[in-house]
Structures are given as structure tokens and as C-alpha cells.
Amino acid sequence: MFVALSTDTRCVAVIVTGAGDESFAAGADLREVSSLTSRSALSFAARGQRVFDRIERSPQIVIAAIRGYCMGGGLDLALACDIRHASPDSTFAHPGALRGIVTGFGGTGRLPRLIGRSRAIELFATGRRLSATEALEIGLVDRVSDDPLATTREVAVEIGQRWPVASAWMKGSAVRWWRRGPGGR
């Protein structure tokens, strides 16, 4: 579905949200991950990276409306989005260190670029959970609101009222420079 949206020039913004109030996305199914071999784990990670790279590089502005748990691969999904709004009861973590697994969907590259290397390493190494307020303070989310779906819709409408071609060009330029990291490498 996202492939079709990413090629639709009439679509200027996409909202990604969970199916209910409990979780935005809790990450990979740990039973599936525990059954992976070294070879299949690489394939699994590569597939996830391709999906999240497509989200990050799509011409549309992709906005995450986060409510509840946003952990592991779910956090990687939120990091692939351009804008993140969260409810006050949202919880963020990369708990892989607590389970003996490493995120494979691009979070180890995206999180440090977003919140800084030291903070990202601490979160990866400890698996510590962050509240929505903490996530806002460190720049992991852009807004905390009681109804993140409503605020993301407002942003999407505002984007749609602007010059859509400019939005796509500006996003593309920002993502290219951001991916190069400090010093423009």
C-alpha cells in the first residue's frame, strides 16, 4: 500500500498510526525473531530497512500519530517518519539490550542523528523507557497532544494547502543532507 501512496503525486502527506490506543507499534514479533538463523536474520533486517527507507525517502511528508507503546521496531518506524506527534501516555524504548537483540530496521542510524549520539547510545544500551514528555524534551517527538491523530491531520491539511511540489523538494533536500550527518559527509 505504501508503494502505491509514495508514487501518487496527488498525495502530499501520509499519516501512520496504530490500530488502537495501546500501541503505535510494539516492534517485531519476538517469537519470530528468536527463530531466525544468522542468514535469515540478515534477510529479515534488510527487508525492514528497505521498507523504512522507502518511508523516509518518499516524496510525501510522513507523520506519525503515536499513542501508547512505541518500542523496538515500532520506534524504528516512527523514526523513519518526518514528523512525530505523541499522546501524553506514550512510551518509547529500544529494549533490545534487555532481550539480547539489536534493532535491524535502521534505528541505530536514525536515532543518534535525531537526538544525539550519547543519548541514543544510552537508550540502546540500557533499554530505558522514555515518557512522551522526555521524548519531547530530547527531540524524539515534535509535539505531545491529547489527540495526536487530530494534530497530525491538521498538519497534513496545512501541508496540502501549500505548494505540494515544494514540500516534496524541501523534504528530499532535508533528508539528503540529514543522512550525510555532521560535516556534510
# chains A, B, ... in the order shown; residues from 1 in each chain; ligands from 1
call {"tool": "residues_around", "arguments": {"residues": "Asp53 in chain A", "least_positions_apart": "6", "cutoff": "9 Å", "atoms": "only C-alpha atoms", "output": "PyMOL selection string"}}
result
chain A and resi 80+105-106
call {"tool": "write_last_selection", "arguments": {"atoms": "N, CA and C atoms", "output": "PDB file, in the first residue's frame"}}
result
ATOM      1  N   ALA A  80      11.504   6.668  11.044  1.00  0.00           N
ATOM      2  CA  ALA A  80      11.506   6.793   9.590  1.00  0.00           C
ATOM      3  C   ALA A  80      10.532   7.878   9.120  1.00  0.00           C
ATOM      4  N   PHE A 105      16.258  -2.361  11.779  1.00  0.00           N
ATOM      5  CA  PHE A 105      15.457  -1.646  10.789  1.00  0.00           C
ATOM      6  C   PHE A 105      15.900  -0.193  10.585  1.00  0.00           C
ATOM      7  N   GLY A 106      17.117   0.143  10.976  1.00  0.00           N
ATOM      8  CA  GLY A 106      17.648   1.480  10.721  1.00  0.00           C
ATOM      9  C   GLY A 106      17.650   2.406  11.910  1.00  0.00           C
TER      10      GLY A 106
END
call {"tool": "residues_around", "arguments": {"residues": "range 36-49 of chain A", "least_positions_apart": "5", "cutoff": "12 Å", "atoms": "only C-alpha atoms", "output": "list in words"}}
result
Gly27, Ala28, Asp29, Leu30, Arg31, Arg54, Ile55, Glu56, Arg57, Gly73, Gly74, Asp76, Leu77, Leu79, Ala80, Ile101, Val102, Thr103, Gly104, Phe105, Gly106, Gly107, Thr108, Gly109 and Arg110 of chain A
call {"tool": "residues_around", "arguments": {"residues": "Leu130 in chain A", "least_positions_apart": "2", "cutoff": "8 Å", "atoms": "only C-alpha atoms", "output": "ChimeraX atom specification"}}
result
/A:91-93,128,132-135
call {"tool": "select_by_dssp", "arguments": {"residues": "chain A", "states": "strand (DSSP E)", "output": "list in words"}}
result
Ala13, Val14, Ile15, Val16, Thr17, Ser23, Phe24, Ala25, Ile61, Val62, Ile63, Ala64, Ala65, Ile66, Tyr69, Cys70, Met71, Ile83, Arg84, His85, Ala86, Thr91, Phe92, Ala93, Leu130, Ser131, Arg143 and Val144 of chain A
call {"tool": "closest_residue", "arguments": {"among": "A:Leu149, A:Ile61, A:Ser118, A:Ala125", "to": "Ala19 in chain A", "atoms": "only C-alpha atoms"}}
result
A:Leu149
call {"tool": "closest_residue", "arguments": {"among": "A:Arg10, A:His85, A:Arg67, A:Lys171", "to": "Glu154 in chain A", "atoms": "only C-alpha atoms"}}
result
A:His85
call {"tool": "residues_around", "arguments": {"residues": "Pro95 in chain A", "least_positions_apart": "3", "cutoff": "9 Å", "atoms": "only C-alpha atoms", "output": "list in words"}}
result
Met71, Gly72, Leu98, Arg99, Gly100, Ile101, Val102, Leu123, Phe124, Ala125, Thr126, Gly127, Arg128 and Arg129 of chain A
call {"tool": "residues_around", "arguments": {"residues": "Leu114 in chain A", "least_positions_apart": "5", "cutoff": "12 Å", "atoms": "only C-alpha atoms", "output": "PDB file with C-alpha atoms, in the first residue's frame"}}
result
ATOM      1  CA  ASP A  76      12.285   2.496  14.143  1.00  0.00           C
ATOM      2  CA  ALA A  78       8.392   6.312  13.981  1.00  0.00           C
ATOM      3  CA  LEU A  79      11.990   7.400  13.325  1.00  0.00           C
ATOM      4  CA  ALA A  80      11.506   6.793   9.590  1.00  0.00           C
ATOM      5  CA  CYS A  81       8.621   9.292   9.654  1.00  0.00           C
ATOM      6  CA  ASP A  82       9.290  13.006   9.154  1.00  0.00           C
ATOM      7  CA  ILE A  83       7.146  14.337  11.985  1.00  0.00           C
ATOM      8  CA  ARG A  84       6.080  12.625  15.196  1.00  0.00           C
ATOM      9  CA  GLY A 107      17.102   2.813  14.229  1.00  0.00           C
ATOM     10  CA  THR A 108      20.798   2.666  15.094  1.00  0.00           C
ATOM     11  CA  GLY A 109      21.422   5.259  12.374  1.00  0.00           C
ATOM     12  CA  ARG A 119      21.577   9.881  24.314  1.00  0.00           C
ATOM     13  CA  ALA A 120      20.985   7.261  21.630  1.00  0.00           C
ATOM     14  CA  ALA A 135      10.743  12.279  24.266  1.00  0.00           C
ATOM     15  CA  LEU A 136       9.622  15.838  23.517  1.00  0.00           C
ATOM     16  CA  ILE A 138      15.131  15.470  23.717  1.00  0.00           C
ATOM     17  CA  GLY A 139      13.592  15.994  20.271  1.00  0.00           C
ATOM     18  CA  LEU A 140      12.381  12.449  19.679  1.00  0.00           C
ATOM     19  CA  VAL A 141       8.839  13.734  19.141  1.00  0.00           C
ATOM     20  CA  ASP A 142       7.753  17.102  17.802  1.00  0.00           C
ATOM     21  CA  VAL A 175      16.616  14.082   4.072  1.00  0.00           C
ATOM     22  CA  TRP A 178      20.405  14.860   7.201  1.00  0.00           C
ATOM     23  CA  ARG A 179      21.549  11.411   6.070  1.00  0.00           C
ATOM     24  CA  GLY A 181      25.366  13.640   9.073  1.00  0.00           C
ATOM     25  CA  PRO A 182      27.543  16.306  10.706  1.00  0.00           C
TER      26      PRO A 182
END
call {"tool": "closest_residue", "arguments": {"among": "A:Arg113, A:Gln60, A:Ser90, A:Glu32", "to": "Trp177 in chain A", "atoms": "only C-alpha atoms"}}
result
A:Arg113
call {"tool": "closest_residue", "arguments": {"among": "A:Val155, A:His94, A:Asp146, A:Pro59", "to": "Gly172 in chain A", "atoms": "only C-alpha atoms"}}
result
A:Pro59
